[in-house]
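Undergrad: The structure file entry.txt (compact mmCIF, C-alpha atoms) is provided below.
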```txt
# COMPACT_ATOMS: atom_id res chain seq x y z
CA MET E 1 0.00 0.00 0.00
CA THR E 2 2.83 2.37 0.68
CA ALA E 3 4.68 1.73 -2.53
CA PRO E 4 2.02 3.15 -4.89
CA ILE E 5 1.62 6.18 -2.69
CA SER E 6 5.38 6.75 -2.73
CA SER E 7 5.54 6.22 -6.47
CA ALA E 8 2.61 8.60 -6.98
CA ALA E 9 4.09 11.31 -4.82
CA GLY E 10 7.47 10.96 -6.34
CA PRO E 11 6.72 12.49 -9.72
CA ALA E 12 4.70 15.30 -8.11
CA ALA E 13 7.54 16.10 -5.75
CA SER E 14 10.04 15.84 -8.50
CA GLY E 15 7.88 18.11 -10.68
CA SER E 16 7.59 20.63 -7.85
CA GLY E 17 11.32 20.53 -7.30
CA ALA E 18 11.86 20.98 -11.01
CA ARG E 19 9.62 24.05 -11.02
CA ASP E 20 11.48 25.44 -7.98
CA GLN E 21 14.79 24.79 -9.68
CA GLY E 22 13.44 26.39 -12.86
CA ARG E 23 12.42 29.54 -10.93
CA GLY E 24 15.83 29.65 -9.32
CA ALA E 25 17.43 29.21 -12.70
CA ARG E 26 15.38 32.05 -14.21
CA THR E 27 16.30 34.28 -11.28
CA GLN E 28 19.96 33.57 -11.65
CA ASP E 29 20.06 33.67 -15.47
CA PRO E 30 17.40 35.94 -17.04
CA GLY E 31 16.63 35.08 -20.56
CA PRO E 32 16.39 37.46 -23.47
CA GLY E 33 13.32 39.78 -23.45
CA GLN E 34 12.57 39.18 -19.75
CA ASP E 35 12.72 41.73 -16.82
CA ARG E 36 13.85 44.69 -18.93
CA LEU E 37 15.49 47.64 -17.20
CA PRO E 38 13.48 50.89 -16.87
CA PRO E 39 14.19 53.45 -19.63
CA ALA E 40 16.90 55.97 -19.00
CA ARG E 41 15.60 59.48 -18.08
CA PHE E 42 16.86 62.76 -16.72
CA ALA E 43 17.26 63.05 -12.99
CA TYR E 44 15.25 66.31 -12.89
CA GLY E 45 11.59 66.62 -13.76
CA LEU E 46 10.20 68.82 -16.54
CA PRO E 47 9.23 71.73 -14.20
CA THR E 48 12.81 71.87 -12.87
CA TRP E 49 14.28 71.95 -16.38
CA LYS E 50 11.85 74.75 -17.29
CA GLU E 51 13.03 76.75 -14.28
CA ILE E 52 16.67 76.14 -15.20
CA THR E 53 15.97 77.28 -18.77
CA HIS E 54 14.32 80.42 -17.50
CA LEU E 55 17.28 81.24 -15.24
CA LEU E 56 19.83 80.68 -18.02
CA ALA E 57 17.77 82.86 -20.40
CA ASN E 58 17.69 85.68 -17.85
CA LEU E 59 21.10 86.95 -18.94
CA PRO E 60 20.45 87.62 -22.67
CA VAL E 61 16.91 88.84 -21.99
CA SER E 62 18.01 91.22 -19.22
CA ILE E 63 20.89 92.57 -21.34
CA PHE E 64 18.50 93.34 -24.19
CA GLY E 65 15.97 94.95 -21.85
CA PHE E 66 18.61 97.05 -20.10
CA VAL E 67 20.01 98.32 -23.42
CA TYR E 68 16.48 99.18 -24.56
CA VAL E 69 15.78 101.11 -21.35
CA MET E 70 19.02 103.04 -21.67
CA CYS E 71 18.15 104.03 -25.22
CA VAL E 72 14.65 105.11 -24.24
CA VAL E 73 15.52 107.00 -21.05
CA PHE E 74 18.93 108.48 -21.86
CA VAL E 75 18.18 109.26 -25.49
CA GLY E 76 14.49 110.12 -25.45
CA GLY E 77 14.66 111.83 -22.04
CA PRO E 78 17.22 114.57 -22.89
CA LEU E 79 15.57 115.11 -26.26
CA THR E 80 12.32 116.15 -24.57
CA VAL E 81 13.67 119.72 -24.68
CA THR E 82 13.23 119.48 -28.47
CA VAL E 83 10.21 118.77 -30.62
CA ILE E 84 11.03 115.11 -31.27
CA GLY E 85 11.79 114.13 -27.66
CA PHE E 86 8.27 113.44 -26.44
CA PRO E 87 7.22 111.39 -29.49
CA MET E 88 10.40 109.30 -29.13
CA LEU E 89 9.70 108.75 -25.44
CA ALA E 90 6.09 107.79 -26.19
CA ALA E 91 7.28 105.32 -28.84
CA GLY E 92 9.73 103.86 -26.32
CA LEU E 93 6.96 103.36 -23.77
CA ALA E 94 4.80 101.68 -26.41
CA GLY E 95 7.71 99.33 -27.18
CA ALA E 96 8.18 98.66 -23.46
CA ARG E 97 4.60 97.43 -23.38
CA GLN E 98 5.52 94.81 -25.98
CA LEU E 99 8.59 93.77 -23.97
CA GLY E 100 6.36 93.32 -20.95
CA ARG E 101 4.04 91.13 -22.99
CA LEU E 102 6.96 88.90 -24.02
CA GLU E 103 8.15 88.63 -20.42
CA ARG E 104 4.66 87.65 -19.25
CA ALA E 105 4.54 84.99 -21.98
CA ARG E 106 7.96 83.66 -20.94
CA ALA E 107 6.89 83.51 -17.29
CA ARG E 108 3.66 81.78 -18.29
CA LYS E 109 5.48 79.16 -20.37
CA LEU E 110 8.44 78.41 -18.10
CA LEU E 111 7.34 79.43 -14.60
CA GLY E 112 3.62 78.71 -14.70
CA VAL E 113 2.75 82.27 -13.63
CA ARG E 114 -0.69 83.24 -14.93
CA ILE E 115 -0.91 87.02 -15.29
CA GLU E 116 -3.69 88.81 -17.14
CA GLU E 117 -2.70 91.14 -19.95
CA PRO E 118 -3.27 94.84 -19.23
CA SER E 119 -5.96 96.67 -21.15
CA ARG E 120 -4.91 98.46 -24.28
CA LEU E 121 -4.66 102.22 -24.23
CA PRO E 122 -7.89 103.76 -25.62
CA LEU E 123 -6.04 105.64 -28.35
CA GLY E 124 -8.82 105.10 -30.89
CA ARG E 125 -11.36 106.82 -28.63
CA THR E 126 -9.06 109.73 -27.81
CA GLN E 127 -9.48 112.86 -29.88
CA GLY E 128 -6.44 114.82 -30.97
CA TRP E 129 -2.81 113.91 -31.51
CA LEU E 130 -1.61 115.70 -28.38
CA ASN E 131 -4.16 113.87 -26.21
CA ARG E 132 -2.98 110.51 -27.58
CA LEU E 133 0.63 111.50 -26.96
CA TRP E 134 -0.12 112.50 -23.36
CA LEU E 135 -2.09 109.30 -22.77
CA THR E 136 0.91 107.23 -23.93
CA LEU E 137 3.41 109.23 -21.88
CA LYS E 138 1.51 108.67 -18.63
CA ASP E 139 0.91 104.95 -19.27
CA PRO E 140 1.67 103.19 -15.93
CA VAL E 141 2.11 99.79 -17.62
CA GLY E 142 4.90 101.09 -19.84
CA TRP E 143 6.73 102.83 -16.98
CA ARG E 144 6.56 99.75 -14.75
CA THR E 145 7.99 97.65 -17.58
CA ILE E 146 10.82 100.19 -17.92
CA LEU E 147 11.55 99.81 -14.19
CA TYR E 148 11.40 96.00 -14.49
CA ASP E 149 13.96 95.91 -17.32
CA PHE E 150 16.20 98.45 -15.56
CA ILE E 151 16.62 96.43 -12.35
CA ARG E 152 16.84 93.04 -14.08
CA LEU E 153 20.42 93.24 -15.39
CA PRO E 154 22.29 92.47 -12.11
CA TRP E 155 19.71 89.84 -11.24
CA GLY E 156 20.07 88.21 -14.67
CA VAL E 157 23.87 88.06 -14.34
CA LEU E 158 23.60 86.60 -10.82
CA THR E 159 21.06 83.91 -11.70
CA PHE E 160 22.93 82.91 -14.85
CA CYS E 161 26.22 82.45 -12.96
CA ILE E 162 24.64 80.55 -10.05
CA THR E 163 22.65 78.22 -12.31
CA LEU E 164 25.51 77.49 -14.70
CA THR E 165 27.90 76.75 -11.82
CA SER E 166 25.35 74.58 -10.02
CA LEU E 167 24.86 72.45 -13.13
CA PHE E 168 28.45 71.16 -12.72
CA VAL E 169 29.19 71.62 -9.00
CA LEU E 170 25.93 71.62 -7.03
CA TRP E 171 23.76 69.50 -9.28
CA PRO E 172 22.25 67.40 -6.44
CA VAL E 173 20.70 70.52 -4.87
CA LEU E 174 20.13 72.43 -8.11
CA PRO E 175 16.33 71.86 -8.09
CA PHE E 176 16.09 73.61 -4.72
CA ILE E 177 18.35 76.45 -5.87
CA ALA E 178 16.34 76.85 -9.08
CA ARG E 179 13.06 76.93 -7.17
CA GLY E 180 14.30 79.63 -4.82
CA LEU E 181 15.66 81.83 -7.62
CA THR E 182 12.58 81.45 -9.80
CA ASN E 183 10.35 82.33 -6.85
CA VAL E 184 12.08 85.71 -6.82
CA ASP E 185 11.44 85.96 -10.57
CA ARG E 186 7.78 85.14 -10.04
CA ALA E 187 7.48 87.84 -7.38
CA MET E 188 9.10 90.44 -9.65
CA VAL E 189 6.83 89.56 -12.56
CA ARG E 190 3.71 89.75 -10.39
CA ALA E 191 4.77 93.03 -8.78
CA LEU E 192 5.86 94.95 -11.88
CA LEU E 193 4.23 93.31 -14.90
CA SER E 194 0.75 92.64 -13.53
CA PRO E 195 -2.02 95.04 -14.53
CA SER E 196 -3.15 97.49 -11.89
CA ASP E 197 -6.18 95.80 -10.29
CA GLU E 198 -7.82 99.06 -9.27
CA LEU E 199 -7.21 100.68 -12.64
CA GLU E 200 -8.46 97.65 -14.55
CA ARG E 201 -11.54 97.44 -12.33
CA ARG E 202 -12.24 101.11 -12.87
CA ILE E 203 -11.88 100.77 -16.64
CA ALA E 204 -14.27 97.82 -16.66
CA GLU E 205 -16.78 99.78 -14.56
CA LEU E 206 -16.57 102.80 -16.85
CA GLU E 207 -17.07 100.63 -19.93
CA SER E 208 -20.08 98.99 -18.31
CA ASP E 209 -21.49 102.32 -17.16
CA ARG E 210 -21.04 103.78 -20.63
CA GLY E 211 -23.09 100.89 -22.00
CA VAL E 212 -25.82 101.55 -19.42
CA VAL E 213 -25.92 105.25 -20.29
CA VAL E 214 -26.15 104.50 -24.02
CA ASP E 215 -28.92 101.94 -23.46
CA THR E 216 -30.83 104.32 -21.18
CA ALA E 217 -30.58 107.17 -23.67
CA ALA E 218 -31.75 104.89 -26.50
CA ALA E 219 -34.71 103.69 -24.39
CA ASP E 220 -35.65 107.29 -23.56
CA LEU E 221 -35.54 108.24 -27.24
CA ARG E 222 -37.75 105.27 -28.14
CA ARG E 223 -40.20 106.23 -25.38
CA ILE E 224 -40.37 109.83 -26.58
CA GLU E 225 -40.88 108.70 -30.16
CA ARG E 226 -43.62 106.27 -29.11
CA ASP E 227 -45.40 108.87 -26.98
CA LEU E 228 -45.29 111.43 -29.79
CA HIS E 229 -46.52 108.93 -32.37
CA ASP E 230 -49.31 107.42 -30.26
CA GLY E 231 -50.36 110.58 -28.41
CA ALA E 232 -49.90 114.13 -29.62
CA GLN E 233 -49.27 113.21 -33.26
CA ALA E 234 -52.45 111.15 -33.51
CA ARG E 235 -54.49 113.91 -31.89
CA LEU E 236 -53.03 116.53 -34.24
CA VAL E 237 -53.94 114.34 -37.22
CA ASN E 238 -57.51 114.07 -35.95
CA LEU E 239 -57.53 117.83 -35.42
CA ALA E 240 -56.43 118.48 -39.01
CA MET E 241 -59.10 116.11 -40.33
CA GLY E 242 -61.79 117.72 -38.19
CA LEU E 243 -60.87 121.24 -39.28
CA GLY E 244 -60.78 120.07 -42.91
CA LEU E 245 -64.31 118.69 -42.62
CA ALA E 246 -65.49 121.90 -40.94
CA LYS E 247 -63.99 123.92 -43.80
CA GLU E 248 -65.82 121.76 -46.34
CA LYS E 249 -69.09 122.20 -44.48
CA LEU E 250 -68.64 125.96 -44.51
CA LEU E 251 -67.94 125.96 -48.24
CA GLU E 252 -71.05 123.84 -48.83
CA GLY E 253 -73.17 126.27 -46.80
CA GLN E 254 -74.00 123.81 -44.05
CA SER E 255 -75.67 124.97 -40.84
CA ASP E 256 -73.63 126.89 -38.33
CA GLU E 257 -74.58 124.48 -35.54
CA LEU E 258 -72.90 121.52 -37.26
CA VAL E 259 -69.75 123.50 -38.01
CA ALA E 260 -69.65 124.88 -34.46
CA ALA E 261 -69.87 121.36 -33.05
CA MET E 262 -66.98 120.24 -35.24
CA VAL E 263 -64.89 123.25 -34.24
CA GLU E 264 -65.70 122.57 -30.60
CA GLU E 265 -64.52 118.98 -30.98
CA ALA E 266 -61.34 120.19 -32.68
CA HIS E 267 -60.76 122.62 -29.82
CA GLY E 268 -60.99 119.75 -27.35
CA GLU E 269 -58.44 117.77 -29.36
CA VAL E 270 -56.08 120.77 -29.25
CA LYS E 271 -56.31 120.99 -25.48
CA LEU E 272 -55.68 117.26 -25.08
CA ALA E 273 -52.70 117.40 -27.46
CA LEU E 274 -51.25 120.34 -25.53
CA GLN E 275 -51.65 118.47 -22.25
CA GLU E 276 -49.92 115.41 -23.66
CA LEU E 277 -47.08 117.56 -24.97
CA ARG E 278 -46.69 119.17 -21.55
CA ASP E 279 -46.57 115.75 -19.90
CA LEU E 280 -44.01 114.60 -22.45
CA ALA E 281 -41.87 117.69 -21.86
CA ARG E 282 -42.13 117.13 -18.11
CA GLY E 283 -40.89 113.59 -18.63
CA ILE E 284 -37.89 114.83 -20.60
CA HIS E 285 -36.94 117.71 -18.30
CA PRO E 286 -39.61 119.59 -16.32
CA ALA E 287 -39.62 123.36 -16.60
CA VAL E 288 -40.07 123.79 -12.86
CA LEU E 289 -36.78 121.95 -12.26
CA THR E 290 -34.93 124.33 -14.56
CA ASP E 291 -36.63 127.45 -13.22
CA ARG E 292 -36.88 126.85 -9.47
CA GLY E 293 -34.61 123.93 -8.62
CA LEU E 294 -34.92 120.54 -6.98
CA ASP E 295 -37.01 121.58 -3.97
CA ALA E 296 -39.86 123.03 -6.01
CA ALA E 297 -39.68 120.22 -8.60
CA LEU E 298 -39.92 117.52 -5.92
CA SER E 299 -42.84 119.33 -4.26
CA SER E 300 -44.56 119.42 -7.65
CA VAL E 301 -44.09 115.69 -8.29
CA ALA E 302 -45.12 114.91 -4.69
CA SER E 303 -48.41 116.77 -5.20
CA ARG E 304 -49.33 114.27 -7.94
CA CYS E 305 -48.75 111.25 -5.67
CA THR E 306 -51.87 109.43 -4.46
CA VAL E 307 -50.68 109.49 -0.81
CA PRO E 308 -49.63 112.50 1.28
CA VAL E 309 -45.90 113.14 0.86
CA GLN E 310 -43.76 115.38 3.05
CA VAL E 311 -40.79 116.85 1.15
CA THR E 312 -37.72 118.19 2.98
CA ALA E 313 -34.86 119.57 0.90
CA ASP E 314 -31.85 121.01 2.75
CA LEU E 315 -29.71 122.39 -0.07
CA SER E 316 -27.91 125.71 0.12
CA GLU E 317 -27.04 125.58 -3.59
CA ARG E 318 -28.00 123.63 -6.65
CA PRO E 319 -25.93 120.73 -7.99
CA ALA E 320 -24.95 120.22 -11.60
CA GLU E 321 -27.82 119.96 -14.05
CA ALA E 322 -27.22 116.27 -14.81
CA ILE E 323 -27.12 115.31 -11.12
CA GLU E 324 -30.21 117.39 -10.43
CA GLY E 325 -32.08 115.69 -13.25
CA ILE E 326 -31.14 112.19 -12.06
CA ALA E 327 -32.21 113.04 -8.51
CA TYR E 328 -35.58 114.35 -9.77
CA PHE E 329 -36.35 111.32 -11.92
CA THR E 330 -35.25 108.96 -9.13
CA VAL E 331 -37.71 110.50 -6.66
CA SER E 332 -40.41 110.68 -9.35
CA GLU E 333 -40.06 106.96 -10.13
CA LEU E 334 -40.06 106.02 -6.44
CA LEU E 335 -43.21 108.07 -5.77
CA GLN E 336 -44.92 106.41 -8.74
CA ASN E 337 -44.07 103.01 -7.25
CA ILE E 338 -45.52 104.15 -3.92
CA SER E 339 -48.75 105.23 -5.66
CA LYS E 340 -49.12 101.98 -7.63
CA HIS E 341 -47.74 99.18 -5.45
CA SER E 342 -47.08 100.12 -1.83
CA GLY E 343 -50.56 100.56 -0.34
CA ALA E 344 -49.03 103.20 1.93
CA ARG E 345 -50.94 105.88 3.86
CA SER E 346 -48.08 108.42 3.94
CA ALA E 347 -44.59 108.95 2.59
CA SER E 348 -41.67 111.32 2.99
CA VAL E 349 -38.82 112.56 0.82
CA GLU E 350 -35.60 113.98 2.28
CA VAL E 351 -32.79 115.50 0.24
CA TRP E 352 -29.57 116.89 1.69
CA ARG E 353 -25.90 117.33 0.95
CA SER E 354 -23.14 115.60 2.91
CA GLU E 355 -19.68 116.81 1.84
CA ASP E 356 -19.29 115.70 -1.79
CA ARG E 357 -22.43 113.53 -1.92
CA LEU E 358 -26.08 114.31 -2.60
CA LEU E 359 -28.26 112.03 -0.47
CA ILE E 360 -31.91 111.14 -1.10
CA GLN E 361 -34.11 109.11 1.21
CA VAL E 362 -37.69 108.09 0.39
CA ARG E 363 -39.81 106.40 3.07
CA ASP E 364 -43.32 104.96 3.07
CA ASP E 365 -45.41 102.96 5.54
CA GLY E 366 -46.71 100.50 2.95
CA ARG E 367 -46.67 96.72 2.78
CA GLY E 368 -42.94 96.47 1.92
CA GLY E 369 -41.37 93.66 -0.04
CA ALA E 370 -39.70 95.89 -2.64
CA ARG E 371 -36.54 94.37 -4.16
CA LEU E 372 -34.02 95.33 -6.80
CA ASP E 373 -34.73 92.11 -8.68
CA GLY E 374 -38.48 92.48 -8.40
CA GLY E 375 -38.88 94.38 -11.66
CA THR E 376 -37.19 96.59 -14.21
CA GLY E 377 -38.07 99.86 -12.43
CA MET E 378 -35.85 99.48 -9.36
CA ARG E 379 -33.09 97.81 -11.33
CA GLY E 380 -33.16 100.62 -13.89
CA LEU E 381 -32.80 103.22 -11.14
CA ALA E 382 -29.87 101.35 -9.64
CA GLU E 383 -28.15 101.14 -13.05
CA ARG E 384 -28.75 104.83 -13.74
CA LEU E 385 -27.21 105.85 -10.42
CA ASP E 386 -24.33 103.42 -10.82
CA ALA E 387 -23.51 105.01 -14.18
CA VAL E 388 -22.56 108.25 -12.38
CA ASP E 389 -20.79 106.59 -9.41
CA GLY E 390 -23.93 106.66 -7.32
CA LEU E 391 -25.42 104.21 -4.85
CA PHE E 392 -28.93 102.77 -4.56
CA VAL E 393 -30.00 100.79 -1.48
CA VAL E 394 -33.46 99.33 -0.79
CA ASP E 395 -34.51 98.30 2.74
CA SER E 396 -38.02 96.88 2.48
CA PRO E 397 -38.93 93.98 4.79
CA GLU E 398 -42.24 92.22 4.38
CA GLY E 399 -44.90 94.27 6.14
CA GLY E 400 -42.94 97.51 5.74
CA PRO E 401 -41.84 100.13 6.12
CA THR E 402 -39.80 100.73 2.97
CA VAL E 403 -36.73 102.98 3.03
CA VAL E 404 -34.90 103.69 -0.23
CA THR E 405 -31.59 105.54 0.01
CA ALA E 406 -29.84 106.99 -3.03
CA GLU E 407 -26.47 108.69 -3.16
CA LEU E 408 -25.15 110.81 -6.00
CA PRO E 409 -21.80 112.56 -6.39
CA TRP E 410 -22.10 116.28 -5.80
CA ARG E 411 -20.87 118.26 -8.77
CA GLU E 412 -20.80 122.03 -8.76
CA ARG E 413 -23.01 123.88 -11.18
CA THR E 414 -20.98 125.58 -13.89
CA ALA E 415 -21.36 129.18 -14.96
CA GLY E 416 -22.52 128.07 -18.40
CA GLN E 417 -25.46 126.21 -16.91
CA ASN E 418 -26.49 129.24 -14.86
CA VAL E 419 -26.28 131.49 -17.93
CA GLY E 420 -28.34 128.96 -19.87
CA GLU E 421 -30.96 128.98 -17.12
CA ALA E 422 -31.14 132.77 -17.12
CA SER E 423 -31.56 132.94 -20.89
CA GLY E 424 -34.12 130.16 -20.74
CA LYS E 425 -36.11 132.02 -18.11
CA GLY E 426 -36.01 135.17 -20.21
CA SER E 427 -37.23 133.41 -23.32
CA ARG E 428 -40.02 131.69 -21.42
CA LYS E 429 -41.15 134.98 -19.91
CA GLU E 430 -41.16 136.61 -23.35
CA ALA E 431 -43.15 133.69 -24.71
CA ARG E 432 -45.69 134.01 -21.92
CA ARG E 433 -45.99 137.75 -22.57
CA GLY E 434 -46.54 137.06 -26.29
```
What do you get writing this file as C-alpha cells?
TA:
Amino acid sequence: MTAPISSAAGPAASGSGARDQGRGARTQDPGPGQDRLPPARFAYGLPTWKEITHLLANLPVSIFGFVYVMCVVFVGGPLTVTVIGFPMLAAGLAGARQLGRLERARARKLLGVRIEEPSRLPLGRTQGWLNRLWLTLKDPVGWRTILYDFIRLPWGVLTFCITLTSLFVLWPVLPFIARGLTNVDRAMVRALLSPSDELERRIAELESDRGVVVDTAAADLRRIERDLHDGAQARLVNLAMGLGLAKEKLLEGQSDELVAAMVEEAHGEVKLALQELRDLARGIHPAVLTDRGLDAALSSVASRCTVPVQVTADLSERPAEAIEGIAYFTVSELLQNISKHSGARSASVEVWRSEDRLLIQVRDDGRGGARLDGGTGMRGLAERLDAVDGLFVVDSPEGGPTVVTAELPWRERTAGQNVGEASGKGSRKEARRG
C-alpha cells in the first residue's frame, strides 16, 4: 500500500522541485526579453528643467531689456527739450509694453505664472494727436515695464552664474536652488508686470457704465418717439381732419350748428394734445426743475402722488444739471411706485448734501417687499445711479416700512449752466408775454 503512494508522490515532488529549480534558474540567469530595465531618463523633472531654462535665459533677456531702457531713457529723455523728444519717449513706452508682454509669456510658459494682460490704451477713442501723446506718456504699464527691465540686469547676471555653476558643481541641490531663484522671478513679474487691479476694475466699470448710459438714452428716445406717435401726433392728425371737414361744411353752406360742433370737438383735441405735450416735456426735463430747482420740482411731483408726501430739501445751492435731473427722476419713479404698489398711507422725501455727496431718502409705511430684482423699475434706477458713481440701497422687509436711500456725487453747477438757465427764463417769460 505504501509503494504506490510513494511512487505517486514521487513524480509530483520531483515536478515541484523541477519548477522550484526552474524559478531559481530564471532568477539567476534571465533570458532574453525578460525583466527589462526601466528606460533611462533625466534626474530632474520637466518643471525643474523649465526653471533652469528660465534662469539661463535671464542673462540675454536682461541685457536686451537694459540696453532698450538706456536708449529710451537716456536718449528720449534729454531730447524732450526738443520737438522730437516726447514722441520718441512715447514710442519707447509703447515698445516697453511689448517687452512686458513677451516677459509675461515667458513667465507663463516656463514658470507657470498666470498674469492677465493689461488693457490696451484707448487711443482710438481719444481725440487729438496731443491727447494721444499725453495718454501714452503717462501709461503706468509702460513705466513699470521700464523699471522692471532696468533692475533686471544684475539679477540676470547673478542667476545665470549661479545656475551654470550649479549644473556642474551643485547639481544634487540644483532643483532647490532653481526653485528659490525662480520664486524671486515670479514675485518680480507679479509686482511689476501685472495690470493694476484698481485701474483695470475702474476701466471695466466705466465701460459697463457707458453701455448703461447708451442703453438708457436709446430707451428714452424710443419712449419719446412712441409717446409722440401714439399721443400728440395722432391727436393733431384728428384735429387736421376735423378742421378740414369743418372747412368743407362751410364751403357747402352747411348749418352753423354743425360747423360749431366740429370746431368745438377740434378745440378739445387741441387741449388734449397740448396736455400730452406738456406731460411729455415734463418727462424729458420739467420746466419747474430748470426754473426753481430741486425743492420746487420735488414738491410738484409729490403733489401728484396718491398718498400724502412730506418733502424736505436742505440744499444751500443747486448741484450740476445732470445730477439734479437724475435726482428728480429717481424721486419721481419712487413716488410712482408708492402710488401703484405700496398701499401706503403716507410717505416722505428727504434731500440733503453731505460733503461731496447728494443724499436722497424716500420712506413709506406700505406693505414692503420691494426688491431690486423684483422688476425693471428698481433695477433701472440702480443702473442709472451706478452710471454716475452713485449708490442705490433698498430696505423693504415684508410688512414695511420701505426705506430707499440713493447717493449721487455732488458736482458744482458751472457758470454756463447758470447762464443757460437765465436765458431760458427770459425766453419763457417773453413767450408768456406774447
Undergrad: Please identify all polymer residues within 8 Å of segment 76-86 of chain E, counting all atoms listed in the file, omitting same-chain residues fewer than 5 positions from it, and present them as an MDAnalysis selection string.
TA: chainID E and resid 71 92 133 137
Undergrad: Can you tell me which residues surround segment 399-415 of chain E at a distance of at most 7 Å, considering all atoms listed in the file, apart from same-chain residues fewer than 6 positions away, and format the answer as a count of residues only?
TA: 23
Undergrad: Nearest to Leu334 of chain E among E:Arg104, E:Arg36, E:Arg186, E:Arg379, with distances taken over all atoms listed in the file: which residue is it?
TA: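 Result for the nearest residue to Leu334 of chain E: E:Arg379.
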Undergrad: Need the shell around segment 106-117 of chain E: protein/DNA/RNA residues with any atom at most 10 Å away, counting all atoms listed in the file. Skip same-chain ones fewer than 3 positions apart. Format as a ChimeraX atom specification?
TA: /E:46-55,57,100-103,120,179,182-183,185-187,189-190,193-195
Undergrad: Considering only C-alpha atoms, return as a PyMOL selection string whatever protein or nucleic-acid residues lie within 10 Å of Asp295 of chain E, sequence-local ones (same chain, fewer than 4 positions apart) excluded.
TA: chain E and resi 288-289+299-300+311-315+318+328+350-351
Undergrad: What does the distance between atom CA of Met262 of chain E and atom CA of Leu274 of chain E come to in Å, to one decimal place?
TA: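 Atom CA of Leu274 of chain E lies at a distance of 18.5 Å from atom CA of Met262 of chain E.
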Undergrad: Could you please determine the separation between atom CA of Trp134 of chain E and atom CA of Phe64 of chain E in Å, to one decimal place?
TA: 26.7 Å
